[in-house]
file model39.tsv (TSV, C-alpha atoms)
chain	number	residue	atom	x	y	z
A	1	SER	CA	45.57	53.66	223.41
A	2	GLY	CA	47.60	56.41	221.76
A	3	ASP	CA	50.87	54.54	222.37
A	4	ALA	CA	49.89	51.38	220.51
A	5	PRO	CA	50.93	52.47	216.96
A	6	ALA	CA	54.26	53.84	218.20
A	7	ALA	CA	54.96	50.66	220.16
A	8	ALA	CA	54.11	48.53	217.12
A	9	ALA	CA	56.54	50.53	214.98
A	10	TYR	CA	59.38	49.54	217.31
A	11	ALA	CA	58.40	45.89	217.64
A	12	VAL	CA	60.86	43.32	216.29
A	13	THR	CA	59.37	40.50	214.26
A	14	GLY	CA	60.58	36.97	213.70
A	15	GLU	CA	60.91	37.85	210.02
A	16	GLN	CA	63.37	40.64	210.90
A	17	VAL	CA	65.38	38.24	213.05
A	18	ARG	CA	65.52	35.77	210.16
A	19	GLU	CA	66.57	38.53	207.74
A	20	TRP	CA	69.30	39.88	210.03
A	21	SER	CA	70.65	36.39	210.56
A	22	PHE	CA	70.53	35.70	206.80
A	23	LEU	CA	72.34	38.96	206.03
A	24	GLY	CA	74.99	38.07	208.60
A	25	TRP	CA	75.60	34.75	206.84
A	26	CYS	CA	75.70	36.54	203.47
A	27	ALA	CA	78.38	38.87	204.82
A	28	LEU	CA	80.44	35.94	206.13
A	29	ILE	CA	80.30	33.98	202.85
A	30	ASP	CA	81.36	37.19	201.09
A	31	ALA	CA	84.27	37.55	203.52
A	32	ASP	CA	85.30	33.99	202.64
A	33	LYS	CA	85.10	34.83	198.90
A	34	TYR	CA	87.24	37.95	199.32
A	35	LEU	CA	89.79	36.09	201.43
A	36	ARG	CA	90.10	33.48	198.67
A	37	ARG	CA	90.69	36.32	196.19
A	38	GLY	CA	93.24	37.97	198.48
A	39	SER	CA	91.16	41.15	198.85
A	40	LEU	CA	91.74	41.85	202.53
A	41	TRP	CA	89.97	45.22	202.64
A	42	GLU	CA	86.80	43.76	201.14
A	43	ALA	CA	86.96	40.78	203.52
A	44	ASP	CA	87.37	43.18	206.44
A	45	SER	CA	84.38	45.23	205.27
A	46	ARG	CA	82.15	42.15	205.07
A	47	LEU	CA	83.34	40.97	208.47
A	48	HIS	CA	82.31	44.36	209.86
A	49	GLU	CA	78.86	43.93	208.25
A	50	ALA	CA	78.47	40.48	209.83
A	51	ARG	CA	79.35	41.99	213.20
A	52	HIS	CA	76.71	44.71	212.68
A	53	ARG	CA	74.08	41.97	212.21
A	54	ILE	CA	75.33	40.19	215.33
A	55	TRP	CA	74.90	43.39	217.35
A	56	ALA	CA	71.36	43.90	216.01
A	57	LEU	CA	70.38	40.32	216.82
A	58	TRP	CA	71.88	40.59	220.31
A	59	ALA	CA	70.03	43.87	220.90
A	60	ALA	CA	66.77	42.22	219.77
A	61	ALA	CA	67.41	39.22	222.00
A	62	HIS	CA	67.79	41.43	225.06
A	63	GLY	CA	64.96	43.86	224.49
A	64	ALA	CA	66.83	46.98	223.39
A	65	LEU	CA	64.50	49.69	222.12
A	66	TYR	CA	65.89	50.10	218.57
A	67	PRO	CA	67.78	46.85	217.91
A	68	TRP	CA	68.38	47.57	214.22
A	69	HIS	CA	70.92	50.18	215.38
A	70	GLY	CA	72.99	47.31	216.75
A	71	LEU	CA	76.04	48.20	218.81
A	72	SER	CA	74.81	51.53	220.16
A	73	GLN	CA	71.60	49.90	221.39
A	74	VAL	CA	73.45	47.02	223.06
A	75	LEU	CA	75.66	49.53	224.86
A	76	ASP	CA	72.73	51.80	225.77
A	77	HIS	CA	70.62	48.88	227.02
A	78	ASP	CA	73.22	46.96	229.06
A	79	PRO	CA	76.90	47.63	228.29
A	80	ALA	CA	78.02	44.68	230.40
A	81	ASN	CA	75.91	42.19	228.42
A	82	LEU	CA	77.86	41.56	225.21
A	83	PRO	CA	77.63	38.59	222.85
A	84	PRO	CA	80.02	35.89	224.11
A	85	GLY	CA	83.20	35.94	222.03
A	86	ILE	CA	82.44	39.23	220.25
A	87	GLU	CA	85.90	40.63	221.05
A	88	SER	CA	87.48	37.81	219.03
A	89	THR	CA	85.58	38.87	215.89
A	90	VAL	CA	87.94	41.80	215.41
A	91	ALA	CA	90.93	41.12	213.16
A	92	ARG	CA	94.11	42.69	211.88
A	93	LEU	CA	94.32	43.31	208.12
A	94	ASP	CA	95.92	39.90	207.67
A	95	ALA	CA	94.43	36.95	205.75
A	96	ALA	CA	94.94	34.37	208.49
A	97	ASP	CA	93.62	36.67	211.21
A	98	LEU	CA	90.61	37.70	209.11
A	99	ARG	CA	89.78	34.03	208.49
A	100	ARG	CA	90.11	33.29	212.22
A	101	ALA	CA	87.81	36.22	213.04
A	102	ALA	CA	85.29	35.10	210.40
A	103	ARG	CA	85.17	31.62	211.93
A	104	VAL	CA	84.60	33.09	215.39
A	105	SER	CA	81.97	35.43	213.92
A	106	ALA	CA	80.09	32.39	212.61
A	107	ASP	CA	79.92	30.97	216.13
A	108	VAL	CA	78.84	34.31	217.61
A	109	LEU	CA	76.24	34.77	214.84
A	110	VAL	CA	74.72	31.39	215.74
A	111	THR	CA	74.54	32.38	219.42
A	112	ALA	CA	73.04	35.82	218.70
A	113	SER	CA	70.57	34.44	216.14
A	114	GLU	CA	69.35	31.72	218.49
A	115	ALA	CA	69.00	34.21	221.36
A	116	ALA	CA	67.00	36.61	219.19
A	117	ALA	CA	64.82	33.79	217.82
A	118	LYS	CA	64.06	32.68	221.38
A	119	ARG	CA	62.62	36.11	222.17
A	120	HIS	CA	61.12	36.75	218.70
A	121	PRO	CA	60.28	33.31	217.24
A	122	ALA	CA	61.93	32.97	213.85
A	123	ASP	CA	62.73	30.33	211.28
A	124	LEU	CA	66.50	30.79	211.19
A	125	PRO	CA	68.48	30.08	207.99
A	126	THR	CA	70.16	26.98	209.43
A	127	ALA	CA	71.02	25.39	206.07
A	128	MET	CA	72.82	28.55	205.01
A	129	ALA	CA	74.55	28.73	208.39
A	130	ALA	CA	75.84	25.18	207.97
A	131	TYR	CA	77.03	25.89	204.41
A	132	VAL	CA	78.89	29.08	205.39
A	133	THR	CA	80.41	27.46	208.46
A	134	ARG	CA	81.76	24.61	206.31
A	135	ALA	CA	83.13	27.09	203.76
A	136	LEU	CA	84.93	29.06	206.46
A	137	GLU	CA	86.50	25.88	207.87
A	138	ARG	CA	88.04	24.87	204.52
A	139	THR	CA	91.68	25.66	204.20
A	140	PRO	CA	92.10	28.38	201.57
A	141	THR	CA	93.86	27.36	198.39

call {"tool": "encode", "arguments": {"input": "model39.tsv", "output": "structure tokens"}}
result
Amino acid sequence: SGDAPAAAAYAVTGEQVREWSFLGWCALIDADKYLRRGSLWEADSRLHEARHRIWALWAAAHGALYPWHGLSQVLDHDPANLPPGIESTVARLDAADLRRAARVSADVLVTASEAAAKRHPADLPTAMAAYVTRALERTPT
């Protein structure tokens, strides 16, 4: 049918889910690095990037039309269905609060990644997730 190519262009793949999850973990390990350096603005920027990946994964998990747009697609698709704990991923420009938000973001990223992988089977980067989670739990020096 004439709609098949267009539909295929909007399809989410398991590889995309894996990549979005991986990029979320990259952003969180960067946030940890910047917090250790005392660069709060850079940590905040990377935390925002991790949240963008969470939104995209959540949108993919729930069948939003253009999940790579993240937040706008979650809100367009079902504004009452938000990732559990997402509100706690927002932080003040304060090292302790940014670290707290990064730790919560790790939990929310796991939830969103698993939900997306359930709908779009993916080999999630679980070893990286474990590494980043451990890094975020360490007390900064």

call {"tool": "residues_around", "arguments": {"input": "model39.tsv", "residues": "range 128-139 of chain A", "least_positions_apart": "5", "cutoff": "7 Å", "atoms": "all atoms listed in the file", "output": "PyMOL selection string"}}
result
chain A and resi 25+29+32+103+106

call {"tool": "closest_residue", "arguments": {"input": "model39.tsv", "among": "A:Ala122, A:Ala127, A:Ala91, A:Ala61", "to": "Asp78 in chain A", "atoms": "only C-alpha atoms"}}
result
A:Ala61

call {"tool": "atom_distance", "arguments": {"input": "model39.tsv", "atom1": "CA of Leu23 in chain A", "atom2": "CA of Leu93 in chain A"}}
result
22.5 Å

call {"tool": "residues_near_point", "arguments": {"input": "model39.tsv", "point": "(72.5, 51.0, 227.0)", "cutoff": "12 Å", "atoms": "all atoms listed in the file", "output": "compact mmCIF listing (two decimals) with C-alpha atoms, in the coordinates of the input"}}
result
# COMPACT_ATOMS: atom_id res chain seq x y z
CA ALA A 59 70.03 43.87 220.90
CA HIS A 62 67.79 41.43 225.06
CA GLY A 63 64.96 43.86 224.49
CA ALA A 64 66.83 46.98 223.39
CA LEU A 65 64.50 49.69 222.12
CA TYR A 66 65.89 50.10 218.57
CA PRO A 67 67.78 46.85 217.91
CA HIS A 69 70.92 50.18 215.38
CA GLY A 70 72.99 47.31 216.75
CA LEU A 71 76.04 48.20 218.81
CA SER A 72 74.81 51.53 220.16
CA GLN A 73 71.60 49.90 221.39
CA VAL A 74 73.45 47.02 223.06
CA LEU A 75 75.66 49.53 224.86
CA ASP A 76 72.73 51.80 225.77
CA HIS A 77 70.62 48.88 227.02
CA ASP A 78 73.22 46.96 229.06
CA PRO A 79 76.90 47.63 228.29
CA ALA A 80 78.02 44.68 230.40
CA ASN A 81 75.91 42.19 228.42
CA LEU A 82 77.86 41.56 225.21

call {"tool": "atom_distance", "arguments": {"input": "model39.tsv", "atom1": "CA of Ala96 in chain A", "atom2": "CA of Lys33 in chain A"}}
result
13.7 Å

call {"tool": "closest_residue", "arguments": {"input": "model39.tsv", "among": "A:Ala31, A:Trp20, A:Gly14, A:Leu124", "to": "Arg100 in chain A", "atoms": "all atoms listed in the file"}}
result
A:Ala31

call {"tool": "closest_residue", "arguments": {"input": "model39.tsv", "among": "A:Arg99, A:Arg37, A:Arg119, A:Arg46", "to": "Trp58 in chain A", "atoms": "all atoms listed in the file"}}
result
A:Arg119

call {"tool": "axis_aligned_box", "arguments": {"input": "model39.tsv", "around": "range 79-91 of chain A", "padding_each_side": "4 Å", "output": "lines of an AutoDock Vina configuration file"}}
result
center_x = 83.4
center_y = 41.8
center_z = 221.8
size_x = 23.0
size_y = 19.7
size_z = 25.2

call {"tool": "closest_residue", "arguments": {"input": "model39.tsv", "among": "A:Ala95, A:Leu35, A:Leu57, A:Ala43", "to": "Glu15 in chain A", "atoms": "only C-alpha atoms"}}
result
A:Leu57

call {"tool": "atom_distance", "arguments": {"input": "model39.tsv", "atom1": "CA of Glu87 in chain A", "atom2": "CA of Trp55 in chain A"}}
result
11.9 Å

call {"tool": "closest_residue", "arguments": {"input": "model39.tsv", "among": "A:Thr126, A:Ala112, A:Ala11, A:His120", "to": "His52 in chain A", "atoms": "all atoms listed in the file"}}
result
A:Ala112

call {"tool": "residues_near_point", "arguments": {"input": "model39.tsv", "point": "(67.2, 40.5, 209.8)", "cutoff": "10 Å", "atoms": "all atoms listed in the file", "output": "list of chain:residue names"}}
result
A:Val12, A:Thr13, A:Gly14, A:Glu15, A:Gln16, A:Val17, A:Arg18, A:Glu19, A:Trp20, A:Ser21, A:Phe22, A:Leu23, A:Gly24, A:Arg53, A:Ile54, A:Ala56, A:Leu57, A:Trp68, A:Ser113, A:Leu124

call {"tool": "write_last_selection", "arguments": {"input": "model39.tsv", "atoms": "C-alpha atoms", "output": "tab-separated table (two decimals), in the frame of the given file"}}
result
chain	number	residue	atom	x	y	z
A	12	VAL	CA	60.86	43.32	216.29
A	13	THR	CA	59.37	40.50	214.26
A	14	GLY	CA	60.58	36.97	213.70
A	15	GLU	CA	60.91	37.85	210.02
A	16	GLN	CA	63.37	40.64	210.90
A	17	VAL	CA	65.38	38.24	213.05
A	18	ARG	CA	65.52	35.77	210.16
A	19	GLU	CA	66.57	38.53	207.74
A	20	TRP	CA	69.30	39.88	210.03
A	21	SER	CA	70.65	36.39	210.56
A	22	PHE	CA	70.53	35.70	206.80
A	23	LEU	CA	72.34	38.96	206.03
A	24	GLY	CA	74.99	38.07	208.60
A	53	ARG	CA	74.08	41.97	212.21
A	54	ILE	CA	75.33	40.19	215.33
A	56	ALA	CA	71.36	43.90	216.01
A	57	LEU	CA	70.38	40.32	216.82
A	68	TRP	CA	68.38	47.57	214.22
A	113	SER	CA	70.57	34.44	216.14
A	124	LEU	CA	66.50	30.79	211.19

call {"tool": "closest_residue", "arguments": {"input": "model39.tsv", "among": "A:Ala27, A:Ala117, A:Leu40, A:Ile86", "to": "Leu98 in chain A", "atoms": "only C-alpha atoms"}}
result
A:Leu40

call {"tool": "residues_around", "arguments": {"input": "model39.tsv", "residues": "Ser88 in chain A", "least_positions_apart": "5", "cutoff": "8 Å", "atoms": "all atoms listed in the file", "output": "ChimeraX atom specification"}}
result
/A:101,104-105

call {"tool": "decode", "arguments": {"input": "model39.tsv", "residues": "range 8-22 of chain A", "atoms": "all heavy atoms", "output": "tab-separated table (two decimals), in the first residue's frame"}}
result
chain	number	residue	atom	x	y	z
A	8	ALA	N	6.91	2.86	7.79
A	8	ALA	CA	8.21	2.30	8.13
A	8	ALA	C	9.19	3.40	8.57
A	8	ALA	O	10.02	3.17	9.44
A	8	ALA	CB	8.78	1.55	6.94
A	9	ALA	N	9.07	4.58	8.00
A	9	ALA	CA	9.95	5.68	8.35
A	9	ALA	C	9.75	6.12	9.80
A	9	ALA	O	10.66	6.65	10.43
A	9	ALA	CB	9.73	6.87	7.42
A	10	TYR	N	8.55	5.90	10.33
A	10	TYR	CA	8.25	6.32	11.70
A	10	TYR	C	8.41	5.19	12.71
A	10	TYR	O	8.24	5.39	13.90
A	10	TYR	CB	6.84	6.88	11.78
A	10	TYR	CG	6.65	8.11	10.92
A	10	TYR	CD1	5.66	8.15	9.95
A	10	TYR	CD2	7.49	9.20	11.03
A	10	TYR	CE1	5.49	9.27	9.14
A	10	TYR	CE2	7.34	10.31	10.24
A	10	TYR	CZ	6.34	10.34	9.29
A	10	TYR	OH	6.19	11.45	8.51
A	11	ALA	N	8.71	3.99	12.23
A	11	ALA	CA	8.83	2.84	13.13
A	11	ALA	C	10.07	2.97	14.01
A	11	ALA	O	11.13	3.39	13.55
A	11	ALA	CB	8.89	1.56	12.32
A	12	VAL	N	9.91	2.61	15.27
A	12	VAL	CA	11.04	2.60	16.21
A	12	VAL	C	11.63	1.19	16.18
A	12	VAL	O	10.90	0.20	16.17
A	12	VAL	CB	10.56	2.94	17.63
A	12	VAL	CG1	11.67	2.77	18.64
A	12	VAL	CG2	10.01	4.36	17.66
A	13	THR	N	12.94	1.12	16.18
A	13	THR	CA	13.61	-0.18	16.19
A	13	THR	C	14.23	-0.44	17.57
A	13	THR	O	14.47	0.49	18.35
A	13	THR	CB	14.73	-0.23	15.14
A	13	THR	OG1	15.75	0.72	15.53
A	13	THR	CG2	14.21	0.10	13.75
A	14	GLY	N	14.50	-1.71	17.81
A	14	GLY	CA	15.20	-2.06	19.04
A	14	GLY	C	16.58	-1.42	19.11
A	14	GLY	O	17.05	-1.04	20.18
A	15	GLU	N	17.22	-1.25	17.95
A	15	GLU	CA	18.53	-0.61	17.91
A	15	GLU	C	18.43	0.85	18.36
A	15	GLU	O	19.31	1.36	19.08
A	15	GLU	CB	19.13	-0.70	16.51
A	15	GLU	CG	20.57	-0.24	16.43
A	15	GLU	CD	21.52	-0.95	17.39
A	15	GLU	OE1	21.39	-2.18	17.59
A	15	GLU	OE2	22.40	-0.27	17.96
A	16	GLN	N	17.36	1.55	17.97
A	16	GLN	CA	17.17	2.92	18.43
A	16	GLN	C	16.96	2.96	19.94
A	16	GLN	O	17.50	3.83	20.62
A	16	GLN	CB	15.98	3.57	17.72
A	16	GLN	CG	16.26	3.97	16.30
A	16	GLN	CD	15.00	4.44	15.61
A	16	GLN	OE1	13.98	3.77	15.64
A	16	GLN	NE2	15.09	5.61	14.99
A	17	VAL	N	16.17	2.04	20.45
A	17	VAL	CA	15.94	1.98	21.90
A	17	VAL	C	17.27	1.78	22.63
A	17	VAL	O	17.56	2.47	23.61
A	17	VAL	CB	14.92	0.87	22.23
A	17	VAL	CG1	14.88	0.58	23.73
A	17	VAL	CG2	13.53	1.26	21.72
A	18	ARG	N	18.08	0.85	22.13
A	18	ARG	CA	19.39	0.62	22.75
A	18	ARG	C	20.24	1.89	22.70
A	18	ARG	O	20.87	2.27	23.69
A	18	ARG	CB	20.12	-0.52	22.03
A	18	ARG	CG	21.50	-0.79	22.59
A	18	ARG	CD	22.22	-1.92	21.85
A	18	ARG	NE	23.60	-2.04	22.23
A	18	ARG	CZ	24.06	-2.51	23.38
A	18	ARG	NH1	23.22	-2.91	24.30
A	18	ARG	NH2	25.36	-2.58	23.61
A	19	GLU	N	20.26	2.56	21.54
A	19	GLU	CA	21.06	3.77	21.39
A	19	GLU	C	20.58	4.87	22.33
A	19	GLU	O	21.40	5.54	22.99
A	19	GLU	CB	21.02	4.25	19.95
A	19	GLU	CG	21.83	5.51	19.74
A	19	GLU	CD	21.81	6.01	18.30
A	19	GLU	OE1	21.32	5.29	17.42
A	19	GLU	OE2	22.28	7.14	18.09
A	20	TRP	N	19.28	5.08	22.40
A	20	TRP	CA	18.76	6.14	23.28
A	20	TRP	C	19.09	5.85	24.74
A	20	TRP	O	19.45	6.75	25.49
A	20	TRP	CB	17.27	6.31	23.09
A	20	TRP	CG	16.88	6.81	21.74
A	20	TRP	CD1	17.68	7.42	20.81
A	20	TRP	CD2	15.59	6.72	21.13
A	20	TRP	NE1	16.97	7.72	19.68
A	20	TRP	CE2	15.67	7.31	19.85
A	20	TRP	CE3	14.37	6.20	21.54
A	20	TRP	CZ2	14.59	7.40	18.99
A	20	TRP	CZ3	13.28	6.29	20.68
A	20	TRP	CH2	13.39	6.88	19.42
A	21	SER	N	18.97	4.59	25.12
A	21	SER	CA	19.32	4.21	26.49
A	21	SER	C	20.82	4.45	26.73
A	21	SER	O	21.21	5.06	27.73
A	21	SER	CB	18.96	2.74	26.72
A	21	SER	OG	19.26	2.36	28.04
A	22	PHE	N	21.65	3.99	25.79
A	22	PHE	CA	23.10	4.18	25.89
A	22	PHE	C	23.45	5.66	26.02
A	22	PHE	O	24.26	6.06	26.87
A	22	PHE	CB	23.78	3.56	24.67
A	22	PHE	CG	25.26	3.75	24.64
A	22	PHE	CD1	26.10	2.95	25.40
A	22	PHE	CD2	25.84	4.74	23.85
A	22	PHE	CE1	27.48	3.12	25.38
A	22	PHE	CE2	27.21	4.92	23.82
A	22	PHE	CZ	28.03	4.11	24.60
